[in-house]
There are 4 protein chains.
Amino acid sequence: MAVKDVGVGVDNEEAPAVTVAVVYHSVHGHTRVLAEHLAEGARLVPGARVHLVEVRAEDVVAGRWHDAEVLALLERSDAIVLGCPTLMGSVSAVFKAFMEAAFTPFVTQAWKDKLAGGFTMSASQSGDKLAVLEQLAVFAAQLGMQWIGVGDMPGNNWSGGSRDDVNRLGSWLGLMSQSHADQGPEQAGSRGDLITARRYGERIARLTQRWVNAVPYETDRMTEHEARALSASLRSAGMEAAGTEAAGA
Amino acid sequence: MAVKDVGVGVDNEEAPAVTVAVVYHSVHGHTRVLAEHLAEGARLVPGARVHLVEVRAEDVVAGRWHDAEVLALLERSDAIVLGCPTLMGSVSAVFKAFMEAAFTPFVTQAWKDKLAGGFTMSASQSGDKLAVLEQLAVFAAQLGMQWIGVGDMPGNNWSGGSRDDVNRLGSWLGLMSQSHADQGPEQAGSRGDLITARRYGERIARLTQRWVNAVPYETDRMTEHEARALSASLRSAGMEAAGTEAAGA
Amino acid sequence: MAVKDVGVGVDNEEAPAVTVAVVYHSVHGHTRVLAEHLAEGARLVPGARVHLVEVRAEDVVAGRWHDAEVLALLERSDAIVLGCPTLMGSVSAVFKAFMEAAFTPFVTQAWKDKLAGGFTMSASQSGDKLAVLEQLAVFAAQLGMQWIGVGDMPGNNWSGGSRDDVNRLGSWLGLMSQSHADQGPEQAGSRGDLITARRYGERIARLTQRWVNAVPYETDRMTEHEARALSASLRSAGMEAAGTEAAGA
Amino acid sequence: MAVKDVGVGVDNEEAPAVTVAVVYHSVHGHTRVLAEHLAEGARLVPGARVHLVEVRAEDVVAGRWHDAEVLALLERSDAIVLGCPTLMGSVSAVFKAFMEAAFTPFVTQAWKDKLAGGFTMSASQSGDKLAVLEQLAVFAAQLGMQWIGVGDMPGNNWSGGSRDDVNRLGSWLGLMSQSHADQGPEQAGSRGDLITARRYGERIARLTQRWVNAVPYETDRMTEHEARALSASLRSAGMEAAGTEAAGA
C-alpha cells in the first residue's frame with residue numbers, strides 16, 4: 001500500500017488532532033529517507049497524526065496517476081508536504097503525474113487553505129533544486145494552499161562550516177538535500193540535511209496546530225550561533241550515520 | 001511621507017487588532033492603484049489596521065534604501081504585502097533596494113512567521129510577471145514568512161470571458177494586473193483586476209486574524225459560476241471606470 | 001508512429017541541410033496545432049528538414065518514456081524545439097517523462113551545442129506558463145544547448161490591441177499561446193499566437209542554418225508599428241479561423 | 001572608469017575580431033574575481049577583445065543607472081555576460097538598475113541575436129542562486145539574445161568530490177560560485193569555481209566567433225572522468241590560492 005500511518009506520539013492524547021500528509025516519490029530510496037525524517041519531526045508535535053504517502057512509478061498508467069484512497073486522505077489532511085527527486089532540473093514525471101491528479105481539488109477548491117511545504121533531493125549541490133521548490137510552490141498556490149518554508153538560518157556558508165550544518169545548502173522556500181551519486185539510501189543526505197528535515201516537519205506540524213486548532217504558538221528563532229553549536233554537538237556525540245535508522249524502517 | 005495610514009473600518013471596534021502593511025513601488029501610478037484596492041479589501045476585515053507604504057525612487061541613494069520608521073512599522077506588522085511593476089522581467093530596482101534593506105530582519109528573524117503576499121503590474125498580458133511573484137515568494141521564504149496566494153479560480157479563460165473577470169489573467173502565487181501602455185493610472189488594471197485585488201487584500205487580512213488572534217475562519221470558495229455572475233453584474237451595473245476613485249484618493 | 005516528416009520546401013534544393021525537430025505532447029490537440037504552425041514556419045527556411053515528434057501518453061510505461069528511434073532522430077537533429085501544455089503550473093507529466101529519457105544525452109553530452117526553444121499552451125492568459133518555459137530552459141541548459149527565445153516585440157499591450165497581435169501575451173523566453181477552455185483544437189490559440197509560432201519556427205531554423213552551415217544571417221527586427229500593421233492586415237483580409245488548416249492536416 | 005579593456009591575446013592577430021563584454025556588480029569584490037576569471041577565459045580565444053564593465057552603486061541615482069559610454073560599448077559587443085551577487089534571493093538592486101537601462105535596446109532591438117550568459121555569487125551553497133540565473137535568462141530573452149549556459153558536467157556530487165571540482169555546485173543555466181561569509185575577495189570562490197569561470201568565458205567567446213565570424217567550431221565534451229582528473233591535478237600541483245592573482249589585479 002502506498003500509505004503508511006506513522007502514528008501519533010505517546011504523549012499526545014490530550015492535544016487536539018491535526019493530520020499531516022507527507023507525499024513523495026523516490027527512485028532509489030534517498031528521497032524516502034528525507035520524507036521519513038520529515039515525518040518523524042512532524043510526529044513530535046502533540047496531536048499530530050502523520051501519514052507517509054508514496055507515489056510509485058508503477059501506479060502511473062498512460063501518464064496518469066490515480067488513487068482514490070490517497071486523494072481522500074489528502075482531502076481530510078490539514079497539511080500536505082510534497083517531495084521528490086530533482087530529475088533533469090524539475091519535479092520527477094512520476095510525481096508530476098500525482099500533481100495532475102490534483103486537478104480535481106483545484107476545481108473543487110478542496111485543498112484551499114491547507115498548509116503546504118516541499119522538499120527535494122539530488123546528487124549535485126545546487127543541481128537546480130530550487131526549480132523544483134518553485135514548481136511545488138506554484139502548484140500549491142494554484143490549489144489555494146498556504147506555503148510554509150524552512151525558516152532556518154543558512155549553514156555551511158563560512159570557513160568552519162560542514163555538511164553537518166542545519167540548512168547546509170542555504171534553502172528557504174523548501175528543503176533541499178544532497179546525496180552522493182555513488183552512495184545508496186543508507187547514506188542519504190547529510191546529518192545536517194536530516195536534522196533540517198526533522199525541524200521542518202516539526203515546524204509544519206506546529207503551524208498546522210496553530211492554524212487549525214488555534215494552539216498557542218511561539219516563533220522558533222534558532223540563531224546561527226545556536227545552529228553551529230548544534231552541528232558541533234552532533235559531530236562530537238558521534239551520531240550514527242545519517243539516514244541509517246530511517247532507511248531501515 | 002512614505003507611509004499612509006489607511007485606517008480601520010468603523011464597525012471594527014470590538015475585533016482584536018492586526019496590522020497589515022502594503023509596501024509597493026510605483027513608477028507612473030498604476031501599481032499604486034492596485035496597492036490601494038488591495039488595502040481597501042484588507043480594511044473590510046474587522047480589526048485590521050492597514051498601512052500603505054510607498055518605496056520611492058528618490059529614497060534610493062547609491063543603490064541603497066533605508067527608512068528606519070518604515071522598518072519599525074513592518075517589524076510590528078502581522079502581514080506584509082509586497083508589490084511593484086514588472087520591469088524587464090523582474091522586480092523593479094527601486095523595490096529591490098527595499099528588499100535588500102530586509103537583510104536586517106533576515107539576520108534577526110524578526111519577520112519570521114508573518115504572512116506575506118505579492119502583486120505586480122505590466123503592460124503585457126503575461127509580461128513575465130510570474131517571475132516577479134516567484135522572486136517575491138523566494139524573498140519572503142528567506143525571511144521565514146508564510147506565503148498566501150490569491151486563491152481565486154481563473155477567469156477570462158473561455159469564449160465568454162473578459163477583462164472584467166475575477167483573476168482574469170490566471171495567476172495564483174500572487175496578484176497580476178495589466179494596464180494598457182497608452183493609458184494613465186486613472187485606467188490602471190481592469191475591473192476584474194481591481195476586484196481581485198480587493199478580494200486578495202481581504203483574504204490576507206482574514207487569514208492574518210486567524211493566525212494572530214485565532215479568530216474563527218471559514219474558507220471562501222467562490223466557484224467559477226459565481227465568479228462569472230459577479231463579473232456580469234459589475235458590467236450591467238455600469239460600475240465606474242476601474243481605478244478612478246482609488247487613483248484620485 | 002510518433003514521428004512525422006514535415007518535409008523540405010520545394011525551393012530548397014541548393015541550400016545546405018539542417019534538421020529541426022519539434023517535440024511535443026498534446027492532450028486534446030491544442031498544443032499540436034501550435035507545434036504544426038511552428039514546424040510550418042521552420043520549413044520556410046531553405047534546407048530545413050523539419051520533423052514533428054509527438055510524445056504520447058500511451059508510451060509512458062511505469063513513469064518512463066523510451067523510443068530509440070526518436071532519440072536517434074534527436075541526436076542527429078541540429079535544433080530541438082520542446083512544447084507541451086501547462087498543467088497545474090508546469091510541464092505535463094507525459095512530456096516530463098520524455099525529458100527524463102534525455103538523461104542519456106546528458107551523460108554523453110550528445111545534445112551539447114544544439115539549439116533549443118520552447119512553447120506552451122493553457123486556457124488562462126498567464127496560467128503560470130512562464131514556469132513551463134523556465135523549466136524547459138533549465139532542462140536545455142543541463143544538456144548544454146543554446147536557448148533561442150521568441151524575439152518579437154509584445155502585442156495586445158495597449159488600448160487598440162487584440163488577440164490577433166503578434167506576441168499578444170508578451171512572452172520572450174519561449175512561445176506562449178492561450179486557447180479557450182470551451183473550444184476544441186480547431187480554434188486553438190489565436191491568429192496572433194499562430195503567426196508568432198510560425199515566426200518563431202522560422203527564426204529557429206534560420207539561426208540553425210547560421211550556426212551549423214554559416215549561412216549569411218541578418219537579424220529581423222519587426223517594429224511594434226510593423227507588427228500592428230501586420231495584425232490589422234490579417235484581420236481585414238478575413239484570414240480563416242486560426243488553426244483550422246493546421247488542425248486538419 | 002567603469003570599463004576596463006582586458007585586451008586581446010598576443011597570438012590573435014590573424015583571427016577575425018569579436019567583442020565580449022562582461023558586465024557585473026560586486027559589493028565586496030568576490031563577484032569581481034569571478035568576472036575577471038571569466039574575462040581571462042574569454043581572452044584565450046583568438047580575436048576576442050574582452051571588456052570588463054563594472055556597474056557601481058554610486059552610479060545609481062534615484063534608482064536609475066545610466067552610462068552612455070557603457071551602453072555604446074554594449075551595443076557594439078557581440079556577447080554580453082551578466083553577473084552580480086545573489087542578494088536576498090535575486091539580482092542586486094544595483095545590477096537591476098543597469099538592467100532597466102536596457103529598456104532602450106529592448107525597444108530598438110539593438111541587442112537582438114547577441115549572445116548572453118550569466119554568473120552569480122553567494123555565501124550559501126545553493127543560496128537561491130538559480131533564481132538569479134533565471135532572472136538574467138528571462139531578461140536576455142526579452143532583448144532577443146541567445147542564451148549560452150555553462151555546458152560542463154557536474155562535480156562534487158560523489159563521495160570523492162571537493163570544492164576544487166569543475167562545476168562543483170552543479171549549475172548549467174549559468175555559473176554559480178560560493179565564497180565563505182568570513183573570507184574576503186582574495187579567497188573568492190573555490191579553485192573549481194574559478195576554473196569553471198575560465199572555461200565558461202572561453203566557451204562563450206568561442207561560440208561568439210562561430211556565430212559572428214563563422215569560425216570553425218568543435219563542441220568540447222569534457223567527461224566527468226576528465227573533469228575529476230583535472231581537479232586532482234590542480235590539487236597536486238599546489239595551484240596558488242584561488243582568486244589571489246585576479247583579486248590583486
# chains A, B, ... in the order shown; residues from 1 in each chain; ligands from 1

$ interface_residues --of "chain A" --to "chain B" --cutoff "9 Å" --atoms "only C-alpha atoms" --output "MDAnalysis selection string"
chainID A and resid 106:110 112:113 134 137:153 171:174 210:211 213:215 219:224

$ write_last_selection --atoms "C-alpha atoms" --output "PDB file, in the first residue's frame"
ATOM      1  CA  PHE A 106      -8.198  22.506  -7.964  1.00  0.00           C
ATOM      2  CA  VAL A 107     -11.701  22.663  -9.419  1.00  0.00           C
ATOM      3  CA  THR A 108     -13.486  21.923  -6.138  1.00  0.00           C
ATOM      4  CA  GLN A 109     -11.038  24.082  -4.157  1.00  0.00           C
ATOM      5  CA  ALA A 110     -10.989  21.256  -1.616  1.00  0.00           C
ATOM      6  CA  LYS A 112      -7.769  25.608  -0.294  1.00  0.00           C
ATOM      7  CA  ASP A 113      -6.177  27.000   2.881  1.00  0.00           C
ATOM      8  CA  GLU A 134       9.398  26.846  -7.140  1.00  0.00           C
ATOM      9  CA  ALA A 137       5.090  26.356  -4.572  1.00  0.00           C
ATOM     10  CA  VAL A 138       3.387  27.475  -7.792  1.00  0.00           C
ATOM     11  CA  PHE A 139       1.365  24.248  -7.742  1.00  0.00           C
ATOM     12  CA  ALA A 140       0.315  24.732  -4.118  1.00  0.00           C
ATOM     13  CA  ALA A 141      -0.711  28.306  -4.889  1.00  0.00           C
ATOM     14  CA  GLN A 142      -2.963  27.089  -7.708  1.00  0.00           C
ATOM     15  CA  LEU A 143      -4.716  24.969  -5.093  1.00  0.00           C
ATOM     16  CA  GLY A 144      -5.056  27.938  -2.742  1.00  0.00           C
ATOM     17  CA  MET A 145      -2.743  26.441  -0.134  1.00  0.00           C
ATOM     18  CA  GLN A 146      -0.572  28.453   2.254  1.00  0.00           C
ATOM     19  CA  TRP A 147       3.119  27.836   1.703  1.00  0.00           C
ATOM     20  CA  ILE A 148       5.426  27.187   4.664  1.00  0.00           C
ATOM     21  CA  GLY A 149       9.170  27.460   4.111  1.00  0.00           C
ATOM     22  CA  VAL A 150      12.072  26.023   6.062  1.00  0.00           C
ATOM     23  CA  GLY A 151      12.660  29.017   8.300  1.00  0.00           C
ATOM     24  CA  ASP A 152      16.213  28.164   9.390  1.00  0.00           C
ATOM     25  CA  MET A 153      19.317  30.299   9.035  1.00  0.00           C
ATOM     26  CA  SER A 171      17.482  26.917   1.011  1.00  0.00           C
ATOM     27  CA  TRP A 172      14.338  28.532   2.384  1.00  0.00           C
ATOM     28  CA  LEU A 173      11.407  28.041   0.041  1.00  0.00           C
ATOM     29  CA  GLY A 174      11.580  24.364   0.924  1.00  0.00           C
ATOM     30  CA  ARG A 210      -1.900  26.869  15.223  1.00  0.00           C
ATOM     31  CA  TRP A 211      -3.871  27.260  12.016  1.00  0.00           C
ATOM     32  CA  ASN A 213      -6.836  24.402  16.381  1.00  0.00           C
ATOM     33  CA  ALA A 214      -5.562  27.814  17.487  1.00  0.00           C
ATOM     34  CA  VAL A 215      -2.969  26.118  19.690  1.00  0.00           C
ATOM     35  CA  THR A 219       8.097  31.515  16.741  1.00  0.00           C
ATOM     36  CA  ASP A 220      11.301  29.486  16.956  1.00  0.00           C
ATOM     37  CA  ARG A 221      14.346  31.584  16.133  1.00  0.00           C
ATOM     38  CA  MET A 222      17.458  29.434  16.315  1.00  0.00           C
ATOM     39  CA  THR A 223      20.381  31.777  15.742  1.00  0.00           C
ATOM     40  CA  GLU A 224      23.336  30.942  13.532  1.00  0.00           C
TER      41      GLU A 224
END

$ calpha_fit_and_write --fixed "chain C" --moving "chain D" --output "short mmCIF file (atom, residue, chain, number, x, y, z; two decimals) with C-alpha atoms, in the first residue's frame"
data_model
loop_
_atom_site.label_atom_id
_atom_site.label_comp_id
_atom_site.auth_asym_id
_atom_site.auth_seq_id
_atom_site.Cartn_x
_atom_site.Cartn_y
_atom_site.Cartn_z
CA MET D 1 4.12 6.48 -35.44
CA ALA D 2 5.23 9.29 -33.23
CA VAL D 3 7.38 10.98 -35.89
CA LYS D 4 6.07 12.90 -38.87
CA ASP D 5 8.40 14.18 -41.56
CA VAL D 6 7.09 17.62 -42.41
CA GLY D 7 9.46 17.72 -45.34
CA VAL D 8 11.57 20.31 -47.08
CA GLY D 9 10.29 23.30 -49.03
CA VAL D 10 10.38 22.96 -52.85
CA ASP D 11 12.89 25.70 -53.46
CA ASN D 12 15.41 24.42 -51.01
CA GLU D 13 17.48 22.14 -53.16
CA GLU D 14 20.67 24.13 -53.23
CA ALA D 15 20.68 25.12 -49.60
CA PRO D 16 22.76 23.14 -47.14
CA ALA D 17 20.74 20.87 -44.89
CA VAL D 18 19.75 21.31 -41.27
CA THR D 19 17.33 19.24 -39.24
CA VAL D 20 14.84 20.77 -36.85
CA ALA D 21 12.79 18.53 -34.55
CA VAL D 22 9.65 19.82 -32.89
CA VAL D 23 8.90 17.52 -29.96
CA TYR D 24 5.61 17.98 -28.19
CA HIS D 25 2.89 16.49 -26.03
CA SER D 26 -0.72 17.46 -26.60
CA VAL D 27 -3.69 16.32 -24.52
CA HIS D 28 -6.63 17.47 -26.63
CA GLY D 29 -4.83 18.70 -29.75
CA HIS D 30 -4.41 22.41 -28.99
CA THR D 31 -0.68 22.17 -28.41
CA ARG D 32 -0.37 20.05 -31.56
CA VAL D 33 -1.75 22.95 -33.61
CA LEU D 34 0.91 25.20 -32.13
CA ALA D 35 3.60 22.63 -32.96
CA GLU D 36 2.35 22.36 -36.53
CA HIS D 37 2.47 26.10 -37.10
CA LEU D 38 5.93 26.25 -35.62
CA ALA D 39 7.02 23.45 -37.96
CA GLU D 40 5.47 25.24 -40.93
CA GLY D 41 7.48 28.32 -40.08
CA ALA D 42 10.69 26.33 -39.83
CA ARG D 43 10.00 24.75 -43.22
CA LEU D 44 10.13 28.18 -44.86
CA VAL D 45 13.88 28.22 -44.41
CA PRO D 46 15.82 26.80 -47.37
CA GLY D 47 17.43 23.50 -46.48
CA ALA D 48 15.49 22.97 -43.29
CA ARG D 49 14.18 19.45 -42.85
CA VAL D 50 11.54 19.50 -40.15
CA HIS D 51 10.21 16.66 -38.03
CA LEU D 52 7.19 16.69 -35.77
CA VAL D 53 7.62 14.26 -32.89
CA GLU D 54 4.67 13.53 -30.65
CA VAL D 55 5.24 12.25 -27.13
CA ARG D 56 2.15 10.20 -26.37
CA ALA D 57 0.68 9.27 -23.02
CA GLU D 58 0.40 5.62 -24.01
CA ASP D 59 4.16 5.47 -24.48
CA VAL D 60 4.75 6.29 -20.82
CA VAL D 61 5.04 2.97 -19.00
CA ALA D 62 5.59 2.91 -15.23
CA GLY D 63 6.51 6.57 -15.38
CA ARG D 64 9.10 6.12 -18.11
CA TRP D 65 9.14 7.01 -21.78
CA HIS D 66 11.53 5.41 -24.22
CA ASP D 67 11.70 5.42 -28.01
CA ALA D 68 15.07 4.58 -29.51
CA GLU D 69 14.05 5.81 -32.95
CA VAL D 70 13.05 9.20 -31.64
CA LEU D 71 16.21 9.52 -29.57
CA ALA D 72 18.29 8.69 -32.65
CA LEU D 73 16.42 11.32 -34.66
CA LEU D 74 17.02 13.92 -31.96
CA GLU D 75 20.70 13.03 -31.76
CA ARG D 76 21.13 13.88 -35.42
CA SER D 77 18.93 16.99 -35.26
CA ASP D 78 20.53 20.42 -35.14
CA ALA D 79 17.73 22.07 -33.22
CA ILE D 80 15.13 20.67 -30.84
CA VAL D 81 12.03 22.65 -30.02
CA LEU D 82 10.14 21.48 -26.94
CA GLY D 83 6.45 22.00 -26.22
CA CYS D 84 3.58 20.83 -24.06
CA PRO D 85 0.51 22.16 -22.28
CA THR D 86 0.93 23.86 -18.93
CA LEU D 87 -0.77 21.53 -16.47
CA MET D 88 -1.03 22.56 -12.82
CA GLY D 89 1.70 25.12 -13.36
CA SER D 90 4.39 23.04 -15.01
CA VAL D 91 5.38 20.71 -17.85
CA SER D 92 2.94 17.83 -18.31
CA ALA D 93 3.94 14.53 -16.69
CA VAL D 94 3.95 12.86 -20.09
CA PHE D 95 6.38 15.37 -21.54
CA LYS D 96 8.47 15.27 -18.38
CA ALA D 97 8.84 11.51 -18.88
CA PHE D 98 10.32 12.28 -22.30
CA MET D 99 12.67 14.82 -20.72
CA GLU D 100 13.92 12.20 -18.28
CA ALA D 101 14.84 9.97 -21.22
CA ALA D 102 17.32 12.73 -22.07
CA PHE D 103 19.44 11.61 -19.14
CA THR D 104 21.44 9.59 -21.67
CA PRO D 105 22.36 12.57 -23.89
CA PHE D 106 23.02 14.48 -20.65
CA VAL D 107 25.70 11.96 -19.72
CA THR D 108 27.10 11.63 -23.24
CA GLN D 109 26.70 15.37 -23.91
CA ALA D 110 25.32 14.36 -27.30
CA TRP D 111 22.92 17.31 -27.47
CA LYS D 112 25.53 19.86 -26.44
CA ASP D 113 25.51 22.98 -28.63
CA LYS D 114 22.29 22.08 -30.42
CA LEU D 115 19.81 24.93 -30.49
CA ALA D 116 16.70 24.74 -28.31
CA GLY D 117 13.43 26.58 -27.94
CA GLY D 118 10.11 26.02 -26.19
CA PHE D 119 6.38 26.59 -26.36
CA THR D 120 3.35 25.99 -24.19
CA MET D 121 -0.44 26.34 -24.11
CA SER D 122 -3.07 26.89 -21.44
CA ALA D 123 -6.60 28.21 -21.08
CA SER D 124 -5.63 31.04 -18.74
CA GLN D 125 -3.90 34.12 -20.12
CA SER D 126 -0.88 33.85 -17.86
CA GLY D 127 -1.73 30.49 -16.34
CA ASP D 128 1.80 30.17 -14.96
CA LYS D 129 3.03 29.37 -18.48
CA LEU D 130 6.30 31.16 -17.77
CA ALA D 131 7.08 28.41 -15.27
CA VAL D 132 6.99 25.87 -18.10
CA LEU D 133 9.30 27.91 -20.29
CA GLU D 134 11.74 28.32 -17.41
CA GLN D 135 11.56 24.58 -16.78
CA LEU D 136 12.36 23.86 -20.42
CA ALA D 137 15.21 26.40 -20.51
CA VAL D 138 16.80 24.95 -17.37
CA PHE D 139 16.50 21.48 -18.91
CA ALA D 140 18.09 22.58 -22.18
CA ALA D 141 20.93 24.21 -20.25
CA GLN D 142 21.62 20.94 -18.44
CA LEU D 143 22.09 19.40 -21.88
CA GLY D 144 24.43 22.21 -22.94
CA MET D 145 22.06 23.53 -25.60
CA GLN D 146 21.85 27.20 -26.68
CA TRP D 147 18.46 28.69 -25.92
CA ILE D 148 16.65 30.72 -28.58
CA GLY D 149 13.75 32.91 -27.49
CA VAL D 150 10.86 34.36 -29.45
CA GLY D 151 12.48 37.70 -30.26
CA ASP D 152 9.30 39.61 -31.12
CA MET D 153 8.06 42.83 -29.56
CA PRO D 154 4.96 42.49 -27.37
CA GLY D 155 1.41 42.96 -28.67
CA ASN D 156 -2.02 43.43 -27.10
CA ASN D 157 -0.48 45.72 -24.51
CA TRP D 158 -2.33 48.92 -25.44
CA SER D 159 -5.90 50.13 -25.84
CA GLY D 160 -6.03 49.17 -29.52
CA GLY D 161 -4.57 45.69 -29.11
CA SER D 162 -6.24 42.36 -29.72
CA ARG D 163 -5.73 38.59 -29.64
CA ASP D 164 -4.62 38.88 -33.27
CA ASP D 165 -1.42 40.65 -32.33
CA VAL D 166 2.00 39.11 -32.73
CA ASN D 167 3.29 38.04 -29.30
CA ARG D 168 -0.05 39.09 -27.84
CA LEU D 169 0.70 37.58 -24.44
CA GLY D 170 4.09 39.26 -24.09
CA SER D 171 6.43 36.28 -23.75
CA TRP D 172 10.07 36.09 -24.81
CA LEU D 173 11.79 33.11 -23.25
CA GLY D 174 9.59 30.93 -25.43
CA LEU D 175 6.21 30.90 -27.12
CA MET D 176 3.00 31.14 -25.12
CA SER D 177 -0.42 30.51 -26.56
CA GLN D 178 -3.87 30.56 -24.98
CA SER D 179 -6.95 28.60 -26.03
CA HIS D 180 -10.42 28.98 -24.58
CA ALA D 181 -11.37 26.17 -22.22
CA ASP D 182 -14.67 25.64 -24.05
CA GLN D 183 -13.23 25.38 -27.55
CA GLY D 184 -11.61 22.48 -29.35
CA PRO D 185 -8.28 22.33 -31.16
CA GLU D 186 -9.84 23.66 -34.37
CA GLN D 187 -9.87 27.01 -32.56
CA ALA D 188 -6.57 26.56 -30.78
CA GLY D 189 -4.68 29.71 -29.91
CA SER D 190 -5.41 32.98 -31.67
CA ARG D 191 -4.35 34.34 -35.04
CA GLY D 192 -1.65 36.24 -33.22
CA ASP D 193 -0.41 33.13 -31.45
CA LEU D 194 -0.20 31.12 -34.65
CA ILE D 195 1.58 33.87 -36.57
CA THR D 196 4.02 34.12 -33.69
CA ALA D 197 4.50 30.35 -33.80
CA ARG D 198 5.37 30.50 -37.49
CA ARG D 199 7.74 33.38 -36.95
CA TYR D 200 9.40 31.56 -34.06
CA GLY D 201 9.80 28.37 -36.08
CA GLU D 202 11.33 30.30 -38.94
CA ARG D 203 13.61 32.17 -36.56
CA ILE D 204 14.92 28.97 -35.02
CA ALA D 205 15.54 27.35 -38.41
CA ARG D 206 17.35 30.43 -39.73
CA LEU D 207 19.54 30.60 -36.64
CA THR D 208 20.26 26.90 -37.01
CA GLN D 209 21.42 27.45 -40.59
CA ARG D 210 23.74 30.15 -39.32
CA TRP D 211 25.16 28.04 -36.47
CA VAL D 212 25.55 24.82 -38.44
CA ASN D 213 26.28 25.92 -41.99
CA ALA D 214 27.47 29.52 -41.54
CA VAL D 215 24.70 30.70 -43.86
CA PRO D 216 24.62 34.51 -44.01
CA TYR D 217 22.17 35.83 -41.47
CA GLU D 218 20.57 39.17 -40.84
CA THR D 219 18.70 39.98 -37.66
CA ASP D 220 14.98 40.51 -38.20
CA ARG D 221 13.69 43.50 -36.25
CA MET D 222 9.97 43.89 -36.81
CA THR D 223 8.96 47.07 -35.01
CA GLU D 224 5.83 47.39 -32.90
CA HIS D 225 4.45 49.61 -35.66
CA GLU D 226 5.03 46.94 -38.30
CA ALA D 227 3.62 44.27 -36.00
CA ARG D 228 0.43 46.26 -35.53
CA ALA D 229 0.10 46.76 -39.28
CA LEU D 230 0.53 43.02 -39.80
CA SER D 231 -2.14 42.30 -37.22
CA ALA D 232 -4.54 44.77 -38.87
CA SER D 233 -3.94 43.36 -42.35
CA LEU D 234 -4.68 39.85 -41.16
CA ARG D 235 -7.97 40.95 -39.71
CA SER D 236 -9.09 42.89 -42.77
CA ALA D 237 -8.06 40.08 -45.10
CA GLY D 238 -10.45 37.81 -43.24
CA MET D 239 -7.78 35.21 -42.64
CA GLU D 240 -9.50 31.91 -42.13
CA ALA D 241 -10.14 30.83 -38.58
CA ALA D 242 -6.84 30.36 -36.89
CA GLY D 243 -5.71 26.80 -36.60
CA THR D 244 -8.30 25.25 -38.87
CA GLU D 245 -6.04 24.08 -41.61
CA ALA D 246 -3.31 22.84 -39.36
CA ALA D 247 -5.72 21.07 -37.05
CA GLY D 248 -7.22 19.18 -39.96
CA ALA D 249 -3.84 18.13 -41.32
#

$ select_by_dssp --residues "segment 4-42 of chain A" --states "strand (DSSP E or B)" --output "PDB file with C-alpha atoms, in the first residue's frame"
ATOM      1  CA  LYS A   4       1.880   4.355   5.850  1.00  0.00           C
ATOM      2  CA  ASP A   5       0.431   5.639   9.098  1.00  0.00           C
ATOM      3  CA  VAL A   6       3.402   6.962  11.014  1.00  0.00           C
ATOM      4  CA  GLY A   7       1.175   7.305  14.046  1.00  0.00           C
ATOM      5  CA  VAL A  18      -4.304  17.511  13.090  1.00  0.00           C
ATOM      6  CA  THR A  19      -3.343  15.407  10.118  1.00  0.00           C
ATOM      7  CA  VAL A  20      -0.139  15.921   8.187  1.00  0.00           C
ATOM      8  CA  ALA A  21       0.462  14.000   4.957  1.00  0.00           C
ATOM      9  CA  VAL A  22       3.948  13.675   3.512  1.00  0.00           C
ATOM     10  CA  VAL A  23       3.565  12.718  -0.149  1.00  0.00           C
ATOM     11  CA  TYR A  24       6.688  11.762  -2.030  1.00  0.00           C
TER      12      TYR A  24
END

$ select_by_dssp --residues "segment 1-140 of chain D" --states "helix (DSSP H, G or I)" --output "MDAnalysis selection string"
chainID D and resid 10:12 30:43 57:59 68:75 93:100 103:108 129:140

$ decode --residues "segment 150-183 of chain A" --atoms "C-alpha atoms" --output "PDB file, in the first residue's frame"
ATOM      1  CA  VAL A 150      12.072  26.023   6.062  1.00  0.00           C
ATOM      2  CA  GLY A 151      12.660  29.017   8.300  1.00  0.00           C
ATOM      3  CA  ASP A 152      16.213  28.164   9.390  1.00  0.00           C
ATOM      4  CA  MET A 153      19.317  30.299   9.035  1.00  0.00           C
ATOM      5  CA  PRO A 154      21.867  29.058   6.484  1.00  0.00           C
ATOM      6  CA  GLY A 155      24.786  26.794   7.388  1.00  0.00           C
ATOM      7  CA  ASN A 156      27.994  25.687   5.678  1.00  0.00           C
ATOM      8  CA  ASN A 157      28.469  29.206   4.382  1.00  0.00           C
ATOM      9  CA  TRP A 158      31.717  30.019   6.209  1.00  0.00           C
ATOM     10  CA  SER A 159      35.219  28.607   6.567  1.00  0.00           C
ATOM     11  CA  GLY A 160      34.250  26.447   9.554  1.00  0.00           C
ATOM     12  CA  GLY A 161      31.088  25.004   8.051  1.00  0.00           C
ATOM     13  CA  SER A 162      30.360  21.414   7.103  1.00  0.00           C
ATOM     14  CA  ARG A 163      27.739  19.086   5.667  1.00  0.00           C
ATOM     15  CA  ASP A 164      26.533  18.554   9.242  1.00  0.00           C
ATOM     16  CA  ASP A 165      25.164  22.074   9.476  1.00  0.00           C
ATOM     17  CA  VAL A 166      21.483  22.855   9.709  1.00  0.00           C
ATOM     18  CA  ASN A 167      20.283  24.180   6.336  1.00  0.00           C
ATOM     19  CA  ARG A 168      23.757  23.498   4.965  1.00  0.00           C
ATOM     20  CA  LEU A 169      22.717  24.173   1.370  1.00  0.00           C
ATOM     21  CA  GLY A 170      21.065  27.502   2.143  1.00  0.00           C
ATOM     22  CA  SER A 171      17.482  26.917   1.011  1.00  0.00           C
ATOM     23  CA  TRP A 172      14.338  28.532   2.384  1.00  0.00           C
ATOM     24  CA  LEU A 173      11.407  28.041   0.041  1.00  0.00           C
ATOM     25  CA  GLY A 174      11.580  24.364   0.924  1.00  0.00           C
ATOM     26  CA  LEU A 175      14.023  21.691   1.996  1.00  0.00           C
ATOM     27  CA  MET A 176      16.971  20.712  -0.168  1.00  0.00           C
ATOM     28  CA  SER A 177      19.126  17.687   0.458  1.00  0.00           C
ATOM     29  CA  GLN A 178      22.103  16.277  -1.410  1.00  0.00           C
ATOM     30  CA  SER A 179      23.247  12.650  -1.607  1.00  0.00           C
ATOM     31  CA  HIS A 180      26.415  11.411  -3.251  1.00  0.00           C
ATOM     32  CA  ALA A 181      25.821   9.749  -6.602  1.00  0.00           C
ATOM     33  CA  ASP A 182      27.883   6.733  -5.564  1.00  0.00           C
ATOM     34  CA  GLN A 183      26.122   6.068  -2.267  1.00  0.00           C
TER      35      GLN A 183
END
